[in-house]
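target06.pdb follows (PDB, C-alpha atoms):
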```pdb
ATOM      1  CA  MET A   1      32.035 -33.936 -28.486
ATOM      2  CA  THR A   2      30.694 -31.697 -25.717
ATOM      3  CA  SER A   3      32.203 -28.517 -27.175
ATOM      4  CA  THR A   4      30.214 -28.753 -30.405
ATOM      5  CA  ARG A   5      26.801 -29.021 -28.767
ATOM      6  CA  CYS A   6      24.280 -26.219 -29.350
ATOM      7  CA  ALA A   7      22.861 -24.276 -26.397
ATOM      8  CA  VAL A   8      19.683 -26.383 -26.379
ATOM      9  CA  CYS A   9      21.434 -29.762 -26.336
ATOM     10  CA  LYS A  10      23.877 -28.410 -23.758
ATOM     11  CA  TYR A  11      20.931 -27.315 -21.598
ATOM     12  CA  PHE A  12      19.361 -30.769 -21.802
ATOM     13  CA  ARG A  13      22.760 -32.467 -21.386
ATOM     14  CA  ARG A  14      22.301 -34.543 -24.483
ATOM     15  CA  ARG A  15      24.287 -35.265 -27.633
ATOM     16  CA  CYS A  16      23.749 -32.663 -30.383
ATOM     17  CA  PRO A  17      22.832 -34.592 -33.542
ATOM     18  CA  PRO A  18      24.349 -33.499 -36.890
ATOM     19  CA  GLU A  19      20.943 -32.282 -38.120
ATOM     20  CA  CYS A  20      19.874 -30.705 -34.821
ATOM     21  CA  ILE A  21      16.930 -28.378 -35.564
ATOM     22  CA  PHE A  22      18.061 -25.899 -32.887
ATOM     23  CA  ALA A  23      21.791 -25.722 -33.651
ATOM     24  CA  PRO A  24      21.708 -22.986 -36.354
ATOM     25  CA  TYR A  25      19.783 -20.594 -34.094
ATOM     26  CA  PHE A  26      21.056 -21.344 -30.594
ATOM     27  CA  PRO A  27      24.864 -21.357 -30.515
ATOM     28  CA  ALA A  28      26.528 -22.712 -27.369
ATOM     29  CA  ASP A  29      28.150 -19.351 -26.607
ATOM     30  CA  ASN A  30      24.755 -17.661 -26.101
ATOM     31  CA  PRO A  31      22.794 -19.823 -23.641
ATOM     32  CA  GLN A  32      20.686 -16.826 -22.563
ATOM     33  CA  LYS A  33      18.969 -16.692 -25.958
ATOM     34  CA  PHE A  34      17.543 -20.167 -25.471
ATOM     35  CA  ALA A  35      16.780 -19.502 -21.794
ATOM     36  CA  TYR A  36      14.449 -16.654 -22.798
ATOM     37  CA  VAL A  37      12.335 -18.631 -25.255
ATOM     38  CA  HIS A  38      12.471 -21.861 -23.263
ATOM     39  CA  ARG A  39      10.987 -20.129 -20.248
ATOM     40  CA  PHE A  40       7.815 -19.116 -22.077
ATOM     41  CA  TYR A  41       7.443 -21.487 -25.026
ATOM     42  CA  GLY A  42       9.378 -24.584 -24.075
ATOM     43  CA  ALA A  43      11.829 -26.439 -26.308
ATOM     44  CA  SER A  44       9.179 -28.842 -27.586
ATOM     45  CA  ASN A  45       6.881 -26.063 -28.842
ATOM     46  CA  ILE A  46       9.802 -24.195 -30.417
ATOM     47  CA  SER A  47      10.843 -27.371 -32.206
ATOM     48  CA  LYS A  48       7.273 -27.833 -33.520
ATOM     49  CA  MET A  49       7.129 -24.219 -34.734
ATOM     50  CA  LEU A  50      10.460 -24.616 -36.549
ATOM     51  CA  GLU A  51       9.388 -27.882 -38.180
ATOM     52  CA  GLU A  52       6.300 -26.188 -39.625
ATOM     53  CA  LEU A  53       8.389 -23.491 -41.356
ATOM     54  CA  PRO A  54      10.648 -23.637 -44.413
ATOM     55  CA  VAL A  55      14.326 -23.453 -43.446
ATOM     56  CA  HIS A  56      14.898 -19.960 -44.875
ATOM     57  CA  LEU A  57      12.240 -18.456 -42.556
ATOM     58  CA  ARG A  58      13.312 -20.163 -39.339
ATOM     59  CA  ALA A  59      15.983 -17.655 -38.251
ATOM     60  CA  ASN A  60      13.475 -14.788 -38.426
ATOM     61  CA  ALA A  61      10.889 -16.817 -36.541
ATOM     62  CA  ILE A  62      13.402 -17.484 -33.742
ATOM     63  CA  GLU A  63      14.379 -13.800 -33.585
ATOM     64  CA  SER A  64      10.745 -12.726 -33.306
ATOM     65  CA  LEU A  65      10.094 -15.348 -30.607
ATOM     66  CA  CYS A  66      13.161 -14.147 -28.690
ATOM     67  CA  TYR A  67      11.925 -10.583 -28.974
ATOM     68  CA  GLU A  68       8.473 -11.525 -27.648
ATOM     69  CA  ALA A  69      10.044 -13.565 -24.829
ATOM     70  CA  LYS A  70      12.279 -10.648 -23.797
ATOM     71  CA  CYS A  71       9.247  -8.360 -23.743
ATOM     72  CA  ARG A  72       7.386 -10.880 -21.579
ATOM     73  CA  MET A  73      10.370 -11.024 -19.202
ATOM     74  CA  GLN A  74      10.294  -7.239 -18.864
ATOM     75  CA  ASP A  75       6.517  -7.024 -18.655
ATOM     76  CA  PRO A  76       4.989 -10.315 -17.440
ATOM     77  CA  VAL A  77       1.427  -8.994 -17.740
ATOM     78  CA  TYR A  78       1.316  -7.395 -21.183
ATOM     79  CA  GLY A  79       4.526  -8.512 -22.913
ATOM     80  CA  CYS A  80       5.000  -6.851 -26.294
ATOM     81  CA  VAL A  81       1.266  -6.055 -26.444
ATOM     82  CA  ARG A  82       2.103  -3.033 -24.309
ATOM     83  CA  ILE A  83       4.436  -1.805 -27.065
ATOM     84  CA  ILE A  84       1.655  -2.223 -29.627
ATOM     85  CA  SER A  85      -0.673  -0.245 -27.383
ATOM     86  CA  SER A  86       1.929   2.542 -26.899
ATOM     87  CA  LEU A  87       2.621   2.765 -30.618
ATOM     88  CA  HIS A  88      -1.117   2.960 -31.312
ATOM     89  CA  GLN A  89      -1.442   5.872 -28.928
ATOM     90  CA  GLU A  90       1.617   7.580 -30.367
ATOM     91  CA  LEU A  91       0.266   7.173 -33.892
ATOM     92  CA  HIS A  92      -3.139   8.481 -32.838
ATOM     93  CA  ILE A  93      -1.481  11.630 -31.414
ATOM     94  CA  ALA A  94       0.649  12.126 -34.545
ATOM     95  CA  GLN A  95      -2.348  11.747 -36.863
ATOM     96  CA  SER A  96      -4.440  14.171 -34.789
ATOM     97  CA  GLN A  97      -1.651  16.710 -34.828
ATOM     98  CA  LEU A  98      -1.180  16.258 -38.542
ATOM     99  CA  ALA A  99      -4.895  16.897 -39.143
ATOM    100  CA  LYS A 100      -4.622  20.042 -37.018
ATOM    101  CA  THR A 101      -1.604  21.372 -38.945
ATOM    102  CA  GLN A 102      -3.284  20.564 -42.251
ATOM    103  CA  ALA A 103      -6.288  22.634 -41.145
ATOM    104  CA  GLU A 104      -3.912  25.446 -40.205
ATOM    105  CA  ILE A 105      -2.315  25.298 -43.641
ATOM    106  CA  ALA A 106      -5.714  25.512 -45.312
ATOM    107  CA  LEU A 107      -6.480  28.611 -43.250
ATOM    108  CA  LEU A 108      -3.112  30.220 -43.976
ATOM    109  CA  ASN A 109      -3.434  29.383 -47.679
ATOM    110  CA  ALA A 110      -6.770  31.184 -47.673
ATOM    111  CA  CYS A 111      -5.068  34.186 -46.000
ATOM    112  CA  VAL A 112      -2.366  34.392 -48.654
ATOM    113  CA  GLY A 113      -4.965  33.944 -51.401
ATOM    114  CA  VAL A 114      -4.166  30.352 -52.309
ATOM    115  CA  VAL A 115      -7.373  28.364 -52.071
ATOM    116  CA  GLU A 116      -5.997  24.907 -52.877
ATOM    117  CA  PRO A 117      -3.691  23.347 -50.297
ATOM    118  CA  THR A 118      -0.190  22.400 -51.442
ATOM    119  CA  PRO A 119       0.305  18.802 -52.681
ATOM    120  CA  SER A 120       2.259  17.571 -49.665
ATOM    121  CA  SER A 121      -0.472  18.584 -47.243
ATOM    122  CA  SER A 122      -3.516  17.830 -49.371
ATOM    123  CA  GLU A 123      -3.286  14.058 -49.145
ATOM    124  CA  SER A 124      -4.458  12.620 -45.876
ATOM    125  CA  LEU A 125      -2.211  10.302 -43.918
ATOM    126  CA  VAL A 126      -4.784   7.551 -44.216
ATOM    127  CA  GLN A 127      -4.704   7.821 -48.000
ATOM    128  CA  GLN A 128      -0.928   7.885 -48.122
ATOM    129  CA  ASN A 129      -0.277   5.211 -45.599
ATOM    130  CA  GLY A 130      -2.822   2.460 -45.629
ATOM    131  CA  ILE A 131      -0.822  -0.159 -43.757
ATOM    132  CA  ASP A 132      -3.215  -2.781 -42.446
ATOM    133  CA  HIS A 133      -2.005  -4.236 -39.198
ATOM    134  CA  GLY A 134      -5.158  -6.200 -38.527
ATOM    135  CA  LEU A 135      -5.721  -4.681 -35.117
ATOM    136  CA  ASP A 136      -9.393  -3.871 -35.422
ATOM    137  CA  ASN A 137     -10.501  -6.503 -32.957
ATOM    138  CA  ALA A 138      -7.492  -6.195 -30.689
ATOM    139  CA  SER A 139      -8.017  -2.470 -30.309
ATOM    140  CA  GLU A 140     -11.403  -3.136 -28.754
ATOM    141  CA  PHE A 141      -9.648  -4.868 -25.905
ATOM    142  CA  TRP A 142      -6.297  -3.200 -25.590
ATOM    143  CA  PHE A 143      -6.231   0.243 -27.015
ATOM    144  CA  TYR A 144      -7.907   3.496 -25.971
TER     145      TYR A 144
ATOM    146  CA  MET B   1     -19.080 -33.175 -12.419
ATOM    147  CA  THR B   2     -17.975 -33.036 -16.065
ATOM    148  CA  SER B   3     -20.137 -30.019 -16.895
ATOM    149  CA  THR B   4     -18.326 -27.730 -14.415
ATOM    150  CA  ARG B   5     -14.812 -28.407 -15.721
ATOM    151  CA  CYS B   6     -12.884 -25.501 -17.244
ATOM    152  CA  ALA B   7     -11.643 -25.713 -20.842
ATOM    153  CA  VAL B   8      -8.146 -26.739 -19.707
ATOM    154  CA  CYS B   9      -9.277 -29.582 -17.427
ATOM    155  CA  LYS B  10     -11.742 -30.667 -20.105
ATOM    156  CA  TYR B  11      -8.907 -30.740 -22.654
ATOM    157  CA  PHE B  12      -6.768 -32.898 -20.353
ATOM    158  CA  ARG B  13      -9.777 -35.022 -19.359
ATOM    159  CA  ARG B  14      -9.172 -34.479 -15.682
ATOM    160  CA  ARG B  15     -11.212 -33.339 -12.712
ATOM    161  CA  CYS B  16     -11.302 -29.530 -12.337
ATOM    162  CA  PRO B  17     -10.269 -28.747  -8.747
ATOM    163  CA  PRO B  18     -12.158 -26.037  -6.809
ATOM    164  CA  GLU B  19      -9.102 -23.741  -6.886
ATOM    165  CA  CYS B  20      -8.118 -24.523 -10.493
ATOM    166  CA  ILE B  21      -5.692 -21.799 -11.631
ATOM    167  CA  PHE B  22      -7.068 -21.896 -15.187
ATOM    168  CA  ALA B  23     -10.818 -21.912 -14.467
ATOM    169  CA  PRO B  24     -11.390 -18.124 -14.192
ATOM    170  CA  TYR B  25      -9.773 -17.478 -17.600
ATOM    171  CA  PHE B  26     -10.655 -20.515 -19.677
ATOM    172  CA  PRO B  27     -14.386 -21.257 -19.477
ATOM    173  CA  ALA B  28     -15.582 -24.568 -20.880
ATOM    174  CA  ASP B  29     -17.736 -22.859 -23.514
ATOM    175  CA  ASN B  30     -14.647 -21.339 -25.216
ATOM    176  CA  PRO B  31     -12.193 -24.197 -25.827
ATOM    177  CA  GLN B  32     -10.582 -22.292 -28.704
ATOM    178  CA  LYS B  33      -9.125 -19.692 -26.343
ATOM    179  CA  PHE B  34      -7.094 -22.347 -24.565
ATOM    180  CA  ALA B  35      -6.230 -24.087 -27.818
ATOM    181  CA  TYR B  36      -4.490 -20.911 -29.076
ATOM    182  CA  VAL B  37      -2.235 -20.425 -26.066
ATOM    183  CA  HIS B  38      -1.664 -24.132 -25.469
ATOM    184  CA  ARG B  39      -0.317 -24.540 -28.981
ATOM    185  CA  PHE B  40       2.513 -22.041 -28.456
ATOM    186  CA  TYR B  41       3.103 -21.815 -24.716
ATOM    187  CA  GLY B  42       1.823 -25.089 -23.298
ATOM    188  CA  ALA B  43      -0.421 -25.441 -20.237
ATOM    189  CA  SER B  44       2.524 -25.939 -17.898
ATOM    190  CA  ASN B  45       4.208 -22.662 -18.887
ATOM    191  CA  ILE B  46       0.903 -20.759 -18.717
ATOM    192  CA  SER B  47       0.328 -22.139 -15.233
ATOM    193  CA  LYS B  48       3.823 -21.008 -14.166
ATOM    194  CA  MET B  49       3.257 -17.520 -15.605
ATOM    195  CA  LEU B  50      -0.059 -17.218 -13.744
ATOM    196  CA  GLU B  51       1.471 -18.388 -10.467
ATOM    197  CA  GLU B  52       4.099 -15.656 -10.682
ATOM    198  CA  LEU B  53       1.470 -12.913 -10.969
ATOM    199  CA  PRO B  54      -0.926 -11.433  -8.417
ATOM    200  CA  VAL B  55      -4.509 -12.580  -8.998
ATOM    201  CA  HIS B  56      -5.785  -9.159 -10.154
ATOM    202  CA  LEU B  57      -3.295  -9.085 -13.061
ATOM    203  CA  ARG B  58      -3.836 -12.616 -14.334
ATOM    204  CA  ALA B  59      -6.826 -11.926 -16.589
ATOM    205  CA  ASN B  60      -4.893  -9.238 -18.481
ATOM    206  CA  ALA B  61      -1.868 -11.514 -18.777
ATOM    207  CA  ILE B  62      -4.026 -14.255 -20.297
ATOM    208  CA  GLU B  63      -5.636 -11.809 -22.736
ATOM    209  CA  SER B  64      -2.231 -10.559 -23.892
ATOM    210  CA  LEU B  65      -0.957 -14.131 -24.286
ATOM    211  CA  CYS B  66      -4.069 -15.022 -26.311
ATOM    212  CA  TYR B  67      -3.486 -11.983 -28.493
ATOM    213  CA  GLU B  68       0.156 -12.925 -29.118
ATOM    214  CA  ALA B  69      -0.850 -16.524 -29.825
ATOM    215  CA  LYS B  70      -3.504 -15.433 -32.349
ATOM    216  CA  CYS B  71      -0.930 -13.243 -34.084
ATOM    217  CA  ARG B  72       1.493 -16.183 -34.211
ATOM    218  CA  MET B  73      -1.261 -18.356 -35.729
ATOM    219  CA  GLN B  74      -1.821 -15.762 -38.455
ATOM    220  CA  ASP B  75       1.868 -15.069 -38.997
ATOM    221  CA  PRO B  76       4.031 -18.023 -37.891
ATOM    222  CA  VAL B  77       7.278 -16.218 -38.752
ATOM    223  CA  TYR B  78       6.871 -12.783 -37.183
ATOM    224  CA  GLY B  79       3.790 -13.054 -34.937
ATOM    225  CA  CYS B  80       2.824  -9.720 -33.420
ATOM    226  CA  VAL B  81       6.334  -8.370 -34.064
ATOM    227  CA  ARG B  82       5.103  -7.674 -37.599
ATOM    228  CA  ILE B  83       2.427  -5.397 -36.150
ATOM    229  CA  ILE B  84       5.077  -3.548 -34.121
ATOM    230  CA  SER B  85       7.139  -3.135 -37.267
ATOM    231  CA  SER B  86       4.127  -1.848 -39.274
ATOM    232  CA  LEU B  87       3.174   0.610 -36.556
ATOM    233  CA  HIS B  88       6.766   1.867 -36.406
ATOM    234  CA  GLN B  89       6.739   2.497 -40.142
ATOM    235  CA  GLU B  90       3.341   4.171 -39.968
ATOM    236  CA  LEU B  91       4.519   6.412 -37.119
ATOM    237  CA  HIS B  92       7.710   7.275 -38.992
ATOM    238  CA  ILE B  93       5.634   8.356 -42.017
ATOM    239  CA  ALA B  94       3.247  10.402 -39.856
ATOM    240  CA  GLN B  95       6.104  12.157 -38.066
ATOM    241  CA  SER B  96       7.877  12.938 -41.346
ATOM    242  CA  GLN B  97       4.696  14.338 -42.820
ATOM    243  CA  LEU B  98       4.063  16.378 -39.694
ATOM    244  CA  ALA B  99       7.553  17.878 -39.909
ATOM    245  CA  LYS B 100       6.879  18.740 -43.549
ATOM    246  CA  THR B 101       3.551  20.445 -42.802
ATOM    247  CA  GLN B 102       5.131  22.328 -39.897
ATOM    248  CA  ALA B 103       7.784  23.657 -42.291
ATOM    249  CA  GLU B 104       5.011  24.670 -44.700
ATOM    250  CA  ILE B 105       3.240  26.533 -41.915
ATOM    251  CA  ALA B 106       6.415  28.401 -41.031
ATOM    252  CA  LEU B 107       6.746  29.445 -44.673
ATOM    253  CA  LEU B 108       3.098  30.502 -44.963
ATOM    254  CA  ASN B 109       3.292  32.373 -41.672
ATOM    255  CA  ALA B 110       6.234  34.293 -43.089
ATOM    256  CA  CYS B 111       4.142  35.071 -46.194
ATOM    257  CA  VAL B 112       1.269  36.491 -44.157
ATOM    258  CA  GLY B 113       3.678  38.413 -41.952
ATOM    259  CA  VAL B 114       3.508  36.200 -38.884
ATOM    260  CA  VAL B 115       7.015  35.108 -38.053
ATOM    261  CA  GLU B 116       6.300  32.873 -35.028
ATOM    262  CA  PRO B 117       4.472  29.604 -35.748
ATOM    263  CA  THR B 118       1.142  29.037 -34.009
ATOM    264  CA  PRO B 119       1.199  27.115 -30.690
ATOM    265  CA  SER B 120      -0.265  23.894 -32.055
ATOM    266  CA  SER B 121       2.443  23.565 -34.668
ATOM    267  CA  SER B 122       5.381  24.954 -32.730
ATOM    268  CA  GLU B 123       5.847  21.993 -30.419
ATOM    269  CA  SER B 124       7.472  19.004 -32.025
ATOM    270  CA  LEU B 125       5.821  15.614 -31.843
ATOM    271  CA  VAL B 126       8.815  14.221 -30.015
ATOM    272  CA  GLN B 127       8.468  16.879 -27.308
ATOM    273  CA  GLN B 128       4.745  16.323 -26.980
ATOM    274  CA  ASN B 129       4.761  12.596 -27.104
ATOM    275  CA  GLY B 130       7.784  11.015 -25.515
ATOM    276  CA  ILE B 131       6.380   7.511 -25.024
ATOM    277  CA  ASP B 132       9.281   5.158 -24.454
ATOM    278  CA  HIS B 133       8.522   1.724 -25.812
ATOM    279  CA  GLY B 134      12.035   0.395 -25.328
ATOM    280  CA  LEU B 135      12.474  -0.592 -28.939
ATOM    281  CA  ASP B 136      15.927   0.819 -29.519
ATOM    282  CA  ASN B 137      17.609  -2.551 -29.771
ATOM    283  CA  ALA B 138      14.726  -4.274 -31.491
ATOM    284  CA  SER B 139      14.622  -1.651 -34.198
ATOM    285  CA  GLU B 140      18.153  -2.598 -35.197
ATOM    286  CA  PHE B 141      16.848  -6.005 -36.167
ATOM    287  CA  TRP B 142      13.266  -5.505 -37.186
ATOM    288  CA  PHE B 143      12.505  -2.022 -38.306
ATOM    289  CA  TYR B 144      13.584   0.008 -41.328
TER     290      TYR B 144
END
```

Please express the file's structure as structure tokens.
Amino acid sequence: MTSTRCAVCKYFRRRCPPECIFAPYFPADNPQKFAYVHRFYGASNISKMLEELPVHLRANAIESLCYEAKCRMQDPVYGCVRIISSLHQELHIAQSQLAKTQAEIALLNACVGVVEPTPSSSESLVQQNGIDHGLDNASEFWFY
Amino acid sequence: MTSTRCAVCKYFRRRCPPECIFAPYFPADNPQKFAYVHRFYGASNISKMLEELPVHLRANAIESLCYEAKCRMQDPVYGCVRIISSLHQELHIAQSQLAKTQAEIALLNACVGVVEPTPSSSESLVQQNGIDHGLDNASEFWFY
């Protein structure tokens, strides 16, 4: 039954059991997907990670692991941490520029005799968008 | 010579050789650091990754792996990909709000008789900040 083996069982040249934990996420026609994650995590660790998750969350876990593995292939030193660092910088620039334009609006409002800023510019980005990405400690090491 | 073993050799209860590849990055007094990366990558894969890098880049590679491993501990489904997704959303909000405030400035400038926007608001964020984080494909799966 060689043709029905998943990419993982095919890689290890073993029989693919009916309840193979890898089969739903690593189809035989995409061996590269397994090659990426196997290179960095190893099949045994991936299996352990899957076993610790409920079935409905496993596909997303595999996709995120594949994404991280691809990043590590492209950037063996920083992996996807470089993307996090870039996005932090980009966000920092956007927020600084937003603060600058908000100050400009306040000045222009004063010129046209409107003391209060308009609603869309009066709320700060921090107030409007308080997403917590838990990077406080990481930023000490990686960002800025 | 038990007291001079690195955290990895201590974990595997083996002698720490003078040129141990792990020793500079996993001191014995911080066994947790190795525990994080060992859980997801395994010592063998970490060793392979280190061997493929020049010595001066290895410390940064280990720090980024530790960071990814900590994220995976906290979020076993998405790991640090969740942070990338959050930062993308945050950046999208900031850029939208910036575009809105720039439009406001244009309107106010027209009111006070200044047709051209001021230099700080006339350049778009995209023009000023073209950091390429190679997320085009990833965003199809993970963002928005």

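CA of Ser47 in chain B is positioned 12.0 Å from CA of Phe26 in chain B.
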
(message) Please expand the PyMOL selection byres ((chain B and resi 84) around 9) into the concrete residues it hits in this file, giving the result as a PyMOL selection string.
(response) (chain A and resi 80-81+83-84+87+133) or (chain B and resi 80-83+85-89+142-143)

(message) Would you compute the distance between CA of Gly42 in chain A and CA of Tyr41 in chain B? Give it in Å to one decimal.
(response)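 Separation of CA of Gly42 in chain A and CA of Tyr41 in chain B: 6.9 Å.
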
(message) Under the PyMOL selection byres ((chain A and resi 16-24) around 10), which residues of this model are included? Write them out as number ranges by chain.
(response) A: 1-10, 12-15, 25-28, 34, 43, 46-48, 50-51, 55, 58-59, 62

Given 8 Å of margin on each side, can you work out the centre and size in Å (one decimal) of an axis-aligned box holding every listed atom of range 89-94 of chain B, as JSON?
```
{"center_x": 5.5, "center_y": 6.4, "center_z": -39.6, "size_x": 20.5, "size_y": 23.9, "size_z": 20.9}
```

Which residues would end up in the selection if the PyMOL selection byres ((chain B and resi 73-76) around 8) were applied here, given that I need the answer as a PDB file with C-alpha atoms, in the frame of the given file?
```
ATOM      1  CA  MET A  49       7.129 -24.219 -34.734  1.00  0.00           C
ATOM      2  CA  LEU A  53       8.389 -23.491 -41.356  1.00  0.00           C
ATOM      3  CA  ALA A  61      10.889 -16.817 -36.541  1.00  0.00           C
TER       4      ALA A  61
ATOM      5  CA  TYR B  36      -4.490 -20.911 -29.076  1.00  0.00           C
ATOM      6  CA  ALA B  69      -0.850 -16.524 -29.825  1.00  0.00           C
ATOM      7  CA  LYS B  70      -3.504 -15.433 -32.349  1.00  0.00           C
ATOM      8  CA  CYS B  71      -0.930 -13.243 -34.084  1.00  0.00           C
ATOM      9  CA  ARG B  72       1.493 -16.183 -34.211  1.00  0.00           C
ATOM     10  CA  VAL B  77       7.278 -16.218 -38.752  1.00  0.00           C
ATOM     11  CA  TYR B  78       6.871 -12.783 -37.183  1.00  0.00           C
ATOM     12  CA  GLY B  79       3.790 -13.054 -34.937  1.00  0.00           C
ATOM     13  CA  CYS B  80       2.824  -9.720 -33.420  1.00  0.00           C
TER      14      CYS B  80
END
```

(message) Please report the interatomic distance between CA of Leu98 in chain B and CA of Leu98 in chain A in Å with one decimal.
(response) 5.4 Å

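With distances restricted to all atoms listed in the file, B:Thr101 is the closest residue to chain A from B:Ser96, B:Pro54, B:Thr101, B:Asn30.
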